[in-house]
>>> print(open('coords-v2.cif').read())   # mmCIF, C-alpha atoms and all ligand atoms
data_run
#
loop_
_atom_site.label_atom_id
_atom_site.label_comp_id
_atom_site.auth_asym_id
_atom_site.auth_seq_id
_atom_site.Cartn_x
_atom_site.Cartn_y
_atom_site.Cartn_z
CA MET I 698 0.00 0.00 0.00
CA SER I 699 1.32 3.46 -0.88
CA LEU I 700 2.03 6.14 1.66
CA ILE I 701 -0.92 8.22 0.54
CA ALA I 702 -3.27 5.24 0.82
CA LYS I 703 -2.08 4.76 4.38
CA MET I 704 -2.70 8.44 5.00
CA MET I 705 -6.24 8.29 3.69
CA PRO I 706 -7.96 7.76 7.08
CA SER I 707 -6.53 11.13 8.14
CA VAL I 708 -8.41 12.96 5.41
CA PHE I 709 -11.67 12.28 7.19
CA ALA I 710 -12.67 15.29 9.23
CA LYS I 711 -12.62 14.66 12.95
CA GLY I 712 -15.77 13.05 14.28
CA GLY I 713 -17.56 12.79 10.95
CA ARG I 714 -17.70 10.58 7.90
CA MET I 715 -17.19 13.47 5.49
CA PRO I 716 -13.76 13.60 3.89
CA ASP I 717 -11.73 16.76 4.44
CA LEU I 718 -12.07 18.27 0.98
CA GLU I 719 -9.25 20.74 1.57
CA LYS I 720 -6.80 17.92 2.33
CA LEU I 721 -7.89 15.98 -0.75
CA ALA I 722 -7.40 19.13 -2.84
CA ALA I 723 -3.85 19.44 -1.50
CA ILE I 724 -3.14 15.76 -2.25
CA VAL I 725 -4.32 15.93 -5.86
CA ASP I 726 -2.59 19.30 -6.41
CA GLU I 727 0.72 17.98 -5.06
CA ALA I 728 0.40 14.88 -7.23
CA ALA I 729 0.17 17.21 -10.24
CA VAL I 730 3.06 19.42 -9.12
CA ASN I 731 5.33 16.43 -8.43
CA ALA I 732 4.07 14.31 -11.37
CA LYS I 733 3.55 11.41 -8.97
CA ALA I 734 0.48 9.20 -9.19
CA ILE I 735 -1.82 8.68 -6.20
CA PRO I 736 -4.46 6.02 -5.42
CA GLN I 737 -7.93 6.95 -6.61
CA PHE I 738 -9.96 8.63 -3.85
CA THR I 739 -13.11 6.54 -4.27
CA ASN I 740 -11.17 3.35 -3.40
CA THR I 741 -11.14 4.47 0.21
CA MET I 742 -14.00 7.01 0.07
CA PRO I 743 -16.78 5.41 -1.97
CA GLU I 744 -19.30 7.82 -0.42
CA MET I 745 -17.66 10.77 -2.19
CA THR I 746 -20.20 12.61 -4.37
CA ILE I 747 -19.88 14.47 -7.67
CA GLU I 748 -20.42 17.71 -5.72
CA ASP I 749 -17.49 16.77 -3.45
CA GLY I 750 -15.47 16.22 -6.63
CA TYR I 751 -16.20 19.72 -7.95
CA ASP I 752 -15.58 21.16 -4.48
CA ILE I 753 -12.13 19.51 -4.38
CA GLN I 754 -11.43 20.78 -7.92
CA THR I 755 -12.32 24.36 -6.90
CA ARG I 756 -10.04 24.13 -3.87
CA SER I 757 -7.13 22.62 -5.81
CA LEU I 758 -7.46 25.35 -8.47
CA ALA I 759 -7.37 27.96 -5.69
CA ARG I 760 -3.92 26.60 -4.82
CA ARG I 761 -2.81 27.08 -8.45
CA TYR I 762 -4.16 30.65 -8.51
CA GLN I 763 -2.30 31.34 -5.26
CA ARG I 764 0.91 30.25 -6.97
CA GLY I 765 0.24 32.85 -9.67
CA GLU I 766 -1.49 30.75 -12.33
CA ARG I 767 -4.33 32.47 -14.17
CA ARG I 768 -7.58 30.89 -15.39
CA ILE I 769 -7.76 31.03 -19.20
CA GLY I 770 -10.93 29.04 -19.77
CA ILE I 771 -12.41 25.60 -19.32
CA LYS I 772 -12.39 22.16 -20.89
CA LEU I 773 -15.23 19.75 -21.33
CA GLY I 774 -14.39 16.08 -20.85
CA LEU I 775 -16.00 12.83 -21.94
CA THR I 776 -18.11 14.42 -24.68
CA SER I 777 -17.68 11.53 -27.15
CA ARG I 778 -18.54 7.82 -26.98
CA ALA I 779 -14.93 6.93 -27.81
CA LYS I 780 -13.65 8.87 -24.81
CA MET I 781 -16.30 7.49 -22.46
CA LEU I 782 -15.47 3.93 -23.51
CA GLN I 783 -11.72 4.46 -23.12
CA VAL I 784 -11.97 5.46 -19.46
CA GLY I 785 -15.18 3.69 -18.46
CA VAL I 786 -16.94 6.85 -17.27
CA ASP I 787 -20.02 7.98 -19.19
CA GLU I 788 -20.72 11.40 -17.74
CA VAL I 789 -19.72 14.75 -19.26
CA CYS I 790 -17.48 16.65 -16.87
CA TRP I 791 -15.52 19.90 -16.92
CA GLY I 792 -12.30 21.37 -15.56
CA ARG I 793 -10.45 24.70 -15.48
CA LEU I 794 -7.57 25.61 -17.77
CA THR I 795 -4.73 27.88 -16.62
CA ASP I 796 -2.00 29.79 -18.45
CA ALA I 797 0.60 27.37 -17.07
CA MET I 798 -0.98 24.60 -19.17
CA LEU I 799 -0.62 26.46 -22.51
CA LEU I 800 1.93 25.00 -24.91
CA ASP I 801 3.18 26.54 -28.17
CA ASP I 802 1.88 25.22 -31.46
CA GLY I 803 4.86 23.48 -33.11
CA GLY I 804 6.72 23.48 -29.78
CA TYR I 805 7.84 20.91 -27.26
CA LEU I 806 6.56 19.45 -24.06
CA SER I 807 8.74 18.03 -21.34
CA MET I 808 7.77 14.43 -20.58
CA ALA I 809 9.32 14.76 -17.10
CA LYS I 810 6.48 17.08 -16.06
CA TYR I 811 3.85 14.38 -16.59
CA ILE I 812 2.99 10.99 -15.11
CA HIS I 813 1.51 9.19 -18.13
CA PRO I 814 0.41 11.87 -20.63
CA ARG I 815 -2.19 11.22 -23.29
CA ILE I 816 -3.16 13.56 -26.10
CA GLU I 817 -6.57 14.17 -27.66
CA PRO I 818 -7.87 15.72 -30.90
CA GLU I 819 -10.18 18.58 -30.03
CA ILE I 820 -11.75 21.83 -31.22
CA ALA I 821 -11.30 25.06 -29.23
CA PHE I 822 -13.68 28.01 -29.02
CA LEU I 823 -12.58 31.56 -28.21
CA ILE I 824 -15.30 33.42 -26.34
CA LYS I 825 -16.34 36.89 -27.51
CA THR I 826 -19.26 37.69 -25.22
CA ARG I 827 -20.25 36.39 -21.78
CA LEU I 828 -22.09 33.08 -21.89
CA VAL I 829 -23.65 31.53 -18.80
CA GLY I 830 -26.52 29.30 -17.74
CA LYS I 831 -29.08 27.73 -20.06
CA VAL I 832 -28.35 29.02 -23.57
CA THR I 833 -29.61 28.15 -27.05
CA GLU I 834 -27.47 26.95 -29.93
CA GLN I 835 -27.83 30.42 -31.47
CA ASP I 836 -26.68 32.11 -28.21
CA ALA I 837 -23.65 29.83 -28.15
CA PHE I 838 -22.68 30.53 -31.79
CA ASP I 839 -23.17 34.27 -31.25
CA ALA I 840 -20.80 34.23 -28.26
CA VAL I 841 -17.88 32.76 -30.25
CA GLU I 842 -15.08 34.93 -31.62
CA ALA I 843 -13.09 32.17 -33.36
CA ILE I 844 -12.58 28.41 -33.64
CA ALA I 845 -9.29 26.49 -33.75
CA PRO I 846 -7.90 23.00 -34.15
CA ALA I 847 -6.53 22.05 -30.75
CA MET I 848 -5.08 19.17 -28.77
CA GLU I 849 -5.38 18.54 -25.07
CA ILE I 850 -2.77 16.76 -22.97
CA ILE I 851 -4.43 14.90 -20.15
CA ASP I 852 -2.50 13.29 -17.31
CA SER I 853 -4.65 11.64 -14.68
CA ARG I 854 -3.07 12.03 -11.28
CA PHE I 855 -4.47 8.60 -10.37
CA ASP I 856 -2.58 5.32 -10.64
CA ASN I 857 -2.87 3.62 -14.04
CA PHE I 858 -5.17 6.38 -15.37
CA LYS I 859 -8.03 4.66 -13.48
CA PHE I 860 -10.80 6.67 -11.83
CA ALA I 861 -14.51 6.98 -11.11
CA VAL I 862 -16.38 10.11 -12.17
CA GLN I 863 -15.96 11.73 -8.72
CA ASP I 864 -12.18 11.18 -8.85
CA VAL I 865 -11.66 12.62 -12.31
CA ILE I 866 -13.72 15.70 -11.44
CA ALA I 867 -11.65 16.23 -8.27
CA ASP I 868 -8.56 15.93 -10.51
CA ASN I 869 -9.67 18.86 -12.71
CA ALA I 870 -10.79 16.41 -15.41
CA SER I 871 -7.15 15.30 -15.89
CA SER I 872 -6.25 18.70 -17.42
CA SER I 873 -2.55 19.25 -17.83
CA GLY I 874 -1.83 20.91 -21.16
CA LEU I 875 -3.32 22.36 -24.30
CA VAL I 876 -2.02 23.48 -27.66
CA ILE I 877 -4.07 25.69 -29.94
CA GLY I 878 -3.64 26.00 -33.71
CA PRO I 879 -4.45 29.09 -35.79
CA TRP I 880 -7.78 30.71 -34.92
CA GLN I 881 -10.29 30.49 -37.78
CA SER I 882 -13.53 32.15 -38.80
CA THR I 883 -16.77 31.15 -37.09
CA LYS I 884 -18.29 30.95 -40.58
CA ILE I 885 -16.74 27.50 -41.03
CA ASP I 886 -19.32 24.74 -40.56
CA ILE I 887 -17.86 22.53 -37.81
CA SER I 888 -20.72 20.02 -37.67
CA ASN I 889 -18.93 17.15 -39.42
CA LEU I 890 -15.23 17.75 -40.09
CA GLU I 891 -12.70 14.97 -40.50
CA MET I 892 -10.12 14.95 -37.68
CA VAL I 893 -6.89 12.97 -38.11
CA MET I 894 -4.21 12.76 -35.42
CA THR I 895 -0.78 11.41 -36.37
CA ALA I 896 2.39 10.55 -34.47
CA ASP I 897 5.48 10.96 -36.67
CA ASP I 898 3.15 10.92 -39.70
CA GLN I 899 1.48 7.63 -38.75
CA ILE I 900 -2.26 7.83 -38.15
CA LYS I 901 -3.05 7.12 -34.48
CA GLN I 902 -6.66 8.34 -34.19
CA SER I 903 -9.21 9.59 -36.68
CA GLY I 904 -12.83 10.60 -36.45
CA SER I 905 -15.33 13.36 -37.01
CA SER I 906 -16.19 16.53 -35.11
CA ALA I 907 -19.74 15.14 -35.07
CA ALA I 908 -18.54 12.59 -32.49
CA ILE I 909 -18.41 15.47 -29.97
CA LEU I 910 -21.97 15.39 -28.58
CA GLY I 911 -23.33 15.25 -32.15
CA HIS I 912 -21.96 18.79 -32.74
CA PRO I 913 -19.10 20.53 -30.89
CA ILE I 914 -21.28 23.59 -30.17
CA ARG I 915 -23.15 21.37 -27.69
CA SER I 916 -19.98 21.25 -25.57
CA LEU I 917 -20.09 25.01 -25.33
CA ILE I 918 -23.78 24.91 -24.36
CA LYS I 919 -22.96 22.29 -21.69
CA GLY I 920 -20.02 24.31 -20.45
CA ALA I 921 -22.10 27.47 -20.02
CA GLU I 922 -24.64 25.49 -18.02
CA MET I 923 -22.14 23.57 -15.88
CA VAL I 924 -20.01 26.57 -14.83
CA ALA I 925 -23.18 28.43 -13.80
CA ARG I 926 -23.81 25.73 -11.19
CA VAL I 927 -20.72 26.90 -9.30
CA GLY I 928 -21.36 30.60 -9.85
CA GLU I 929 -18.90 31.01 -12.74
CA ALA I 930 -19.35 32.10 -16.37
CA LEU I 931 -17.62 31.87 -19.73
CA ASN I 932 -16.10 35.31 -20.23
CA PRO I 933 -14.68 37.21 -23.21
CA GLY I 934 -11.20 35.86 -23.99
CA ASP I 935 -11.87 32.45 -22.44
CA ILE I 936 -10.86 29.31 -24.31
CA VAL I 937 -13.30 26.40 -24.22
CA MET I 938 -12.01 22.97 -25.23
CA ALA I 939 -14.86 20.86 -26.61
CA GLY I 940 -13.50 17.43 -25.62
CA GLY I 941 -11.75 14.64 -27.52
CA ALA I 942 -13.47 13.39 -30.67
CA THR I 943 -11.64 10.03 -30.44
CA ALA I 944 -9.86 7.99 -27.80
CA ALA I 945 -6.68 9.63 -26.48
CA HIS I 946 -3.20 8.61 -27.66
CA ALA I 947 -0.56 7.71 -25.04
CA MET I 948 2.46 9.92 -25.74
CA THR I 949 5.96 8.51 -26.03
CA ARG I 950 9.30 10.29 -25.91
CA GLY I 951 10.54 11.95 -29.06
CA GLU I 952 7.39 11.74 -31.13
CA THR I 953 5.68 14.62 -32.91
CA ILE I 954 1.89 14.63 -32.72
CA ARG I 955 -0.09 16.51 -35.33
CA LEU I 956 -3.82 17.02 -35.64
CA ASN I 957 -5.30 17.92 -38.99
CA ILE I 958 -8.90 19.07 -39.10
CA GLN I 959 -10.62 19.45 -42.44
CA LYS I 960 -11.19 23.17 -43.20
CA LEU I 961 -9.72 24.25 -39.82
CA GLY I 962 -6.06 23.39 -40.39
CA SER I 963 -3.49 21.77 -38.14
CA VAL I 964 -1.70 21.98 -34.81
CA SER I 965 1.31 20.05 -33.53
CA ILE I 966 3.47 19.37 -30.50
CA SER I 967 6.58 17.25 -29.95
CA ALA I 968 7.40 15.20 -26.88
CA GLU I 969 10.97 15.83 -25.79
CA GLY I 970 13.18 12.81 -26.27
C1 LIG A 1 -10.81 12.64 -18.50
C2 LIG A 1 -10.76 13.88 -19.32
C3 LIG A 1 -11.40 13.66 -20.68
C4 LIG A 1 -11.86 14.63 -22.95
O1 LIG A 1 -11.51 15.40 -23.85
O2 LIG A 1 -12.77 13.81 -23.10
C5 LIG A 1 -11.13 14.71 -21.66
C6 LIG A 1 -9.77 11.62 -18.92
O3 LIG A 1 -9.98 10.93 -19.92
O4 LIG A 1 -8.75 11.50 -18.24
O5 LIG A 1 -10.35 15.61 -21.50
MG MG A 2 -9.88 16.64 -23.40
#
>>> encode(input="coords-v2.cif", output="structure tokens")
Amino acid sequence: MSLIAKMMPSVFAKGGRMPDLEKLAAIVDEAAVNAKAIPQFTNTMPEMTIEDGYDIQTRSLARRYQRGERRIGIKLGLTSRAKMLQVGVDEVCWGRLTDAMLLDDGGYLSMAKYIHPRIEPEIAFLIKTRLVGKVTEQDAFDAVEAIAPAMEIIDSRFDNFKFAVQDVIADNASSSGLVIGPWQSTKIDISNLEMVMTADDQIKQSGSSAAILGHPIRSLIKGAEMVARVGEALNPGDIVMAGGATAAHAMTRGETIRLNIQKLGSVSISAEG
């Protein structure tokens, strides 16, 4: 049993059954900072709820903000069947993105900063006007400034990338990096675009933007609704990642990953050797 697993009884608040959410936030945050996997919370705390998960996420993000990181938007997770099947969780979730997670298009990422990074083909929205609560498809389209091909690097802080929905929410939906390609016009129809992700020019994943909730705009609608539940909004300048259209690809040292989206263009990142 790992040290953290042995420590788990101490995360229960004195006298009660409720876990100490602040301590769990510190544990998951430190796992991210140190790139060291931890046992999934629900193994020892099966009574943890989805609300507890979001509460832990909020508290762990507060630690990042205290260190000087800045919120730059949100990501939706598990918005396609392929993604749900890959991790065995079938509930859409969301997490916060910070400036420290941004990587340069065509640049490098350091494998040492991650535990077991995976990369996903996504579409990013840039928000023009505030969007919050229950919104229509038209409201969502009207709030978008630009659309870009994008990839997300996810790195579950839990052992073997295994988690229940409560765990992954507590872990900021595995968020750890994002790379955005050139921003494009909102006039482009994104309902059914071919998305091909290669590693060193070999196809690793391919699919359609339609795999994202039937249409990627639905991720934005979901995002506006989900952030409202915790008193937040999507604000001008925010980036919203729509979620992987296919299963994620496990990154290996030295490879260059490129995503090509029909009509939207491409984005790439290399894993340092
Ligand atoms: C959860 C995050 C999923 C996506 O795009 O579906 C996600 C995970 O798979 O670790 O980011
Ligand atoms: Mg993702």
>>> atom_distance(input="coords-v2.cif", atom1="CA of Thr795 (chain I)", atom2="CA of Gly750 (chain I)")
18.7 Å
>>> residues_near_ligand(input="coords-v2.cif", ligand="ligand LIG 1 (chain A)", cutoff="7 Å", atoms="all atoms listed in the file", output="list in words")
Lys772, Leu773, Gly774, Leu775, Thr776, Ser777, Lys780, Val784, Glu817, Glu849, Ile851, Asp852, Ser853, Phe858, Val865, Ala870, Ser871, Ser872, Ala939, Gly940 and Gly941 of chain I
>>> closest_residue(input="coords-v2.cif", among="I:Asn932, I:Ser873, I:Thr949, I:Gln737", to="Gly920 (chain I)", atoms="only C-alpha atoms")
I:Asn932
>>> residues_around(input="coords-v2.cif", residues="region 732-736 of chain I", least_positions_apart="2", cutoff="8 Å", atoms="all atoms listed in the file", output="VMD selection string")
chain I and resid 699 701 to 702 725 728 to 730 738 740 809 to 812 853 to 856
>>> closest_residue(input="coords-v2.cif", among="I:Glu727, I:Glu819, I:Asp886, I:Asp787", to="ligand MG 2 (chain A)", atoms="all atoms listed in the file")
I:Glu819
>>> atom_distance(input="coords-v2.cif", atom1="CA of Gly878 (chain I)", atom2="CA of Leu890 (chain I)")
15.6 Å
>>> closest_residue(input="coords-v2.cif", among="I:Leu758, I:Cys790, I:Val924, I:Val893", to="ligand MG 2 (chain A)", atoms="only C-alpha atoms and all ligand atoms")
I:Cys790
>>> residues_around(input="coords-v2.cif", residues="Ser757 (chain I)", least_positions_apart="4", cutoff="7 Å", atoms="only C-alpha atoms", output="MDAnalysis selection string")
chainID I and resid 722:723 726 753 761
>>> write_last_selection(input="coords-v2.cif", atoms="C-alpha atoms", output="PDB file, keeping the file's coordinate frame")
ATOM      1  CA  ALA I 722      -7.400  19.130  -2.840  1.00  0.00           C
ATOM      2  CA  ALA I 723      -3.850  19.440  -1.500  1.00  0.00           C
ATOM      3  CA  ASP I 726      -2.590  19.300  -6.410  1.00  0.00           C
ATOM      4  CA  ILE I 753     -12.130  19.510  -4.380  1.00  0.00           C
ATOM      5  CA  ARG I 761      -2.810  27.080  -8.450  1.00  0.00           C
TER       6      ARG I 761
END
>>> atom_distance(input="coords-v2.cif", atom1="CA of Thr739 (chain I)", atom2="CA of Glu719 (chain I)")
15.8 Å
>>> closest_residue(input="coords-v2.cif", among="I:Lys901, I:Arg815, I:Arg827, I:Arg950", to="ligand MG 2 (chain A)", atoms="all atoms listed in the file")
I:Arg815
>>> closest_residue(input="coords-v2.cif", among="I:Ala837, I:Ile887, I:Asp864, I:Leu794", to="ligand MG 2 (chain A)", atoms="all atoms listed in the file")
I:Leu794
>>> closest_residue(input="coords-v2.cif", among="I:Ser963, I:Ala942, I:Pro814, I:Glu969", to="Ser903 (chain I)", atoms="all atoms listed in the file")
I:Ala942
>>> axis_aligned_box(input="coords-v2.cif", around="region 774-787 of chain I", padding_each_side="4 Å", output="JSON")
{"center_x": -15.9, "center_y": 9.9, "center_z": -22.5, "size_x": 16.3, "size_y": 20.4, "size_z": 18.5}
>>> residues_around(input="coords-v2.cif", residues="Trp880 (chain I)", least_positions_apart="6", cutoff="12 Å", atoms="only C-alpha atoms", output="PyMOL selection string")
chain I and resi 802+820-824+841-847+936+960-964
